[in-house]
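Peer 1: The structure is given below, and queries will be raised subsequently.
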Amino acid sequence: MAYDVARVRGLIPSLGDGWIHLDPQAGMQIPDAVSRTVSTAFRASASSSTGRHVSSRRSAAVLDAARAAVADLVGGDPAGVVLGPDRSVLLAWLAESLSTRLGLGTGLVLSRLDEEANVAPWLRVASRYGAQVRWAEVEIETCELPSWQFQDLITTTTRLVALTAASPIVGSAPDVRVASDRVHEVGGLMVVDAIGAAPYAHVDINELGADVVAVGATSWGGPQVGALVFRDPTLLDRIPAVSLNPYARGVERLEVGVHQFALLAGLTTSIDFLANLDESATGSRRQKLETSISSLQNYQDTLFDHLMSSLKRLPQVMVIGRSPSRVPTLSFTVAGVSADKVASHLADKRIATVSGVHGGSRLLDALGVNDEGGAVTIGLAPYTTRYEIDQLVNELATLG
């Protein structure tokens with residue numbers, strides 16, 4: 001059965017606003033089921049999951065369900081799912097907890113391909129404790145992150161590697177497993193930021209070889225909630241806690257403050273929505289996720305090929321990077337026109353894109369793109385259509 005984009009669009013009310021939404025990096029549009037779940041949970045749950053009242057028991061059930069849903073999304077164990085307000089906040093808490101592993105004579109490896117959320121926290125703790133930072137660099141022409149460099153970058157003193165599963169800026173998807181295997185050889189940890197990979201690819205914590213995977217629900221149309229998934233849940237009791245509860249155990253050791261239970265209810269519904277993108281999907285939620293994401297990939301591969309071939313016909317447009325292993329997102333420049341002006345023109349035509357990257361982009365800086373007016377970033381979503389791609393290309397054709 002072919003992917004039914006019309007059915008999917010019908011489940012997302014905000015798509016009736018007359019805009020073409022090609023800005024999933026700013027958060028995918030939210031399905032109606034997610035909004036309704038959040039609204040209902042706000043009325044039915046309490047702000048605590050430890051009380052004896054029925055609403056507290058509902059909150060406890062919501063929390064357990066959210067951990068189970070995220071575990072299904074990445075192929076992990078619910079006992080290893082840390083939940084919080086945002087994946088960038090959780091990565092900062094993780095860096096603080098793991099900072100005791102760093103010091104003079106130790107090192108960590110970061111990537112130019114990563115967003116600042118998986119870079120800045122590690123730089124702060126490395127600076128504080130005098131750890132050496134080494135950088136995995138991208139190929140300028142393709143924006144690939146060559147895996148051969150990890151053999152030299154990761155040494156016996158390396159304590160941690162932080163790496164993206166896919167860039168939400170240029171789409172490149174590096175071979176994470178190569179870096180994971182190498183850092184494990186020297187006794188280090190692997191932290192993978194999967195914000196750019198879900199829902200475009202099957203995220204499997206074991207196949208990645210990651211010790212920790214970070215995800216954020218806004219990247220697939222969920223509420224503002226983040227999660228860290230530990231491949232080995234017992235690791236949580238072997239690292240320093242950041243919790244305000246001195247008796248916290250397991251995942252609670254990295255959870256600060258109270259949970260937003262209504263948003264966690266929406267998180268579960270958003271993952272269920274992903275699992276049912278393909279109506280023919282059956283089996284467990286994990287199995288349905290695999291079927292639905294495969295179906296979505298087939299649809300988006302064709303759509304992305306059409307986008308790339310259409311942009312190639314515009315001589316004034318330059319697509320940044322051409323990595324063969326990628327997710328369907330890209331950045332581009334228009335000759336003689338700044339990114340802000342391009343995005344403004346497209347917005348006037350009710351086409352939403354992303355101009356610049358919140359907090360800056362080390363990747364675009366390294367490529368020299370920001371020195372030339374920046375880049376516009378776009379991406380496909382489960383609801384993107386060929387007609388919308390054609391409208392984008394037609395508007396770009398009038399520029400330059």
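In the structure tokens, the first chain shown is A, the next is B, and so on; residue numbers restart at 1 for each chain, and ligands run from 1 in the order shown.
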To test your reading of the structure, identify every residue in region 93-186 of chain A that backbone DSSP assigns to strand (DSSP E), and report it as a VMD selection string.
Peer 2: chain A and resid 107 to 111 132 to 136 158 to 164
Peer 1: Show which residues sit within 6 Å of Gly373 (chain A), as a PyMOL selection string. Count only C-alpha atoms, and ignore same-chain residues fewer than 2 positions away.
Peer 2: chain A and resi 338-339+370-371
Peer 1: Compare A:Ile351, A:Leu160, A:Leu303, A:Ala136 by their minimum atom-to-atom distance to Thr100 (chain A), counting only C-alpha atoms, and give me the closest one.
Peer 2: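 Under the stated criterion, the closest residue is A:Leu160.
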Peer 1: Would you kindly return, as a list in words, each protein, DNA or RNA residue with an atom no farther than 12 Å from any atom of Val34 (chain A), considering only C-alpha atoms and excluding same-chain residues fewer than 6 positions away?
Peer 2: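 Counting only the stated atoms, we get Leu11, Ile12, Pro13, Thr40, Ala41, Ala217, Thr218, Trp220, Gly221, Gly222, Pro223, Gln224, Ala262, Leu263, Leu264, Ala265, Gly266, Leu267, Thr268, Thr269, Ser270, Ile271, Asp272, Phe273 and Leu274 of chain A.
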Peer 1: Name all residues at most 9 Å from Gly196 (chain A) (count only C-alpha atoms; drop same-chain ones fewer than 6 positions away) and give them as a list of chain:residue names.
Peer 2: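 After dropping sequence-adjacent residues, the list is A:Gln25, A:Thr164, A:Ala165, A:Ala166, A:Ser167, A:Pro168, A:Ile169, A:Gly171, A:Ala173, A:Val215, A:Ser219, A:Val327, A:Thr329.
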Peer 1: Write down as a VMD selection string the residues of region 245-376 of chain A whose backbone DSSP state falls under alpha helix (DSSP H).
Peer 2: chain A and resid 261 to 275 285 to 312 339 to 348 362 to 366
Peer 1: Calculated over only C-alpha atoms, which of the candidates A:Asn206, A:Thr157, A:Ser172, A:Ser243 has the smallest distance to Pro324 (chain A)?
Peer 2: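 Of all the options, A:Ser172 lies closest to Pro324 (chain A).
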Peer 1: Provide the CA of Arg124 (chain A) to CA of Arg159 (chain A) distance in Å, to one decimal place.
Peer 2: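 Taking CA of Arg124 (chain A) and CA of Arg159 (chain A), their separation equals 15.2 Å.
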Peer 1: Would you mind reading off the distance between CA of Val178 (chain A) and CA of Gln149 (chain A), one decimal, in Å?
Peer 2: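 Those two atoms sit 9.9 Å apart.
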Peer 1: Have a look at A:Gly103, A:Gly76, A:Gly400, A:Gly379 and name the one nearest to Ala131 (chain A); count only C-alpha atoms.
Peer 2: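 Checking each of A:Gly103, A:Gly76, A:Gly400, A:Gly379 against Ala131 (chain A), counting only C-alpha atoms, the winner is A:Gly103.
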Peer 1: Between CA of Gly321 (chain A) and CA of Leu392 (chain A), what is the distance in Å, rounded to a tenth?
Peer 2: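 Pair CA of Gly321 (chain A) / CA of Leu392 (chain A) returns 19.4 Å.
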Peer 1: Pick from A:Val337, A:Ile389, A:Val192, A:Val225: nearest to Gly209 (chain A), with only C-alpha atoms counted?
Peer 2: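 Ranking A:Val337, A:Ile389, A:Val192, A:Val225 by distance to Gly209 (chain A), first place goes to A:Val192.
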Peer 1: Considering only C-alpha atoms, state which residue in the set A:Glu279, A:Asp32, A:Glu144, A:Asp152 is at the smallest distance from Asp175 (chain A).
Peer 2: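 The closest residue to Asp175 (chain A) is A:Glu144.
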Peer 1: Contacts of Ala375 (chain A) at 10 Å or less, counting only C-alpha atoms, minus same-chain residues fewer than 3 places along, as a CSV table (one decimal) with C-alpha atoms, in the first residue's frame?
Peer 2:
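Output file result00.csv follows:
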chain,number,residue,atom,x,y,z
A,169,ILE,CA,20.9,21.6,8.7
A,318,MET,CA,23.4,26.3,-4.6
A,319,VAL,CA,22.6,23.3,-2.4
A,320,ILE,CA,25.1,22.9,0.4
A,330,LEU,CA,19.0,20.6,3.2
A,331,SER,CA,20.3,24.1,3.2
A,332,PHE,CA,20.8,26.3,0.2
A,333,THR,CA,21.9,29.8,-0.9
A,334,VAL,CA,20.7,32.1,-3.7
A,337,VAL,CA,20.5,37.4,-2.1
A,338,SER,CA,20.9,37.0,1.7
A,339,ALA,CA,19.2,34.1,3.4
A,340,ASP,CA,17.0,36.5,5.4
A,342,VAL,CA,15.1,34.8,0.6
A,343,ALA,CA,13.2,33.5,3.7
A,354,VAL,CA,14.3,28.5,8.4
A,355,SER,CA,16.7,31.4,7.9
A,356,GLY,CA,19.8,31.0,10.0
A,357,VAL,CA,20.1,28.6,12.9
A,364,LEU,CA,27.9,27.0,8.3
A,369,VAL,CA,28.4,30.3,4.3
A,370,ASN,CA,27.5,32.7,7.1
A,372,GLU,CA,28.3,35.3,2.5
A,378,ILE,CA,14.2,23.4,4.6
Peer 1: Go through A:Arg58, A:Ala381, A:Glu141, A:Gly226 one by one, measure the shortest atom-to-atom distance of each to Val8 (chain A) using only C-alpha atoms, and give the residue with the smallest value.
Peer 2: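 When distances to Val8 (chain A) are compared using only C-alpha atoms, the smallest one comes from A:Ala381.
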Peer 1: If we count only C-alpha atoms, what is near Glu395 (chain A) at a cut-off of 9 Å, once residues fewer than 3 positions away on the same chain are taken out, given as a compact mmCIF listing (two decimals) with N, CA, C and O atoms, in the first residue's frame?
Peer 2:
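And here's selection_21.txt as it stands now:
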# COMPACT_ATOMS: atom_id res chain seq x y z
N HIS A 345 11.03 36.66 1.43
CA HIS A 345 10.27 36.57 0.18
C HIS A 345 9.36 35.35 0.19
O HIS A 345 8.17 35.44 -0.18
N LEU A 346 9.91 34.21 0.63
CA LEU A 346 9.10 32.99 0.67
C LEU A 346 7.96 33.12 1.68
O LEU A 346 6.85 32.65 1.43
N LYS A 349 5.00 34.73 0.44
CA LYS A 349 4.20 33.81 -0.40
C LYS A 349 3.64 32.65 0.43
O LYS A 349 3.18 31.65 -0.13
N ASP A 390 6.95 22.09 -5.65
CA ASP A 390 6.89 22.85 -6.89
C ASP A 390 6.64 24.34 -6.63
O ASP A 390 7.21 25.20 -7.31
N GLN A 391 5.81 24.64 -5.64
CA GLN A 391 5.57 26.04 -5.29
C GLN A 391 6.84 26.70 -4.78
O GLN A 391 7.15 27.85 -5.13
N LEU A 392 7.59 26.00 -3.96
CA LEU A 392 8.87 26.53 -3.47
C LEU A 392 9.81 26.82 -4.65
O LEU A 392 10.39 27.92 -4.73
N THR A 398 12.15 33.07 -9.21
CA THR A 398 11.98 34.50 -9.43
C THR A 398 13.07 35.33 -8.75
O THR A 398 13.12 36.55 -8.94
N LEU A 399 13.94 34.67 -7.98
CA LEU A 399 15.01 35.38 -7.27
C LEU A 399 16.33 35.29 -8.02
O LEU A 399 16.53 34.41 -8.84
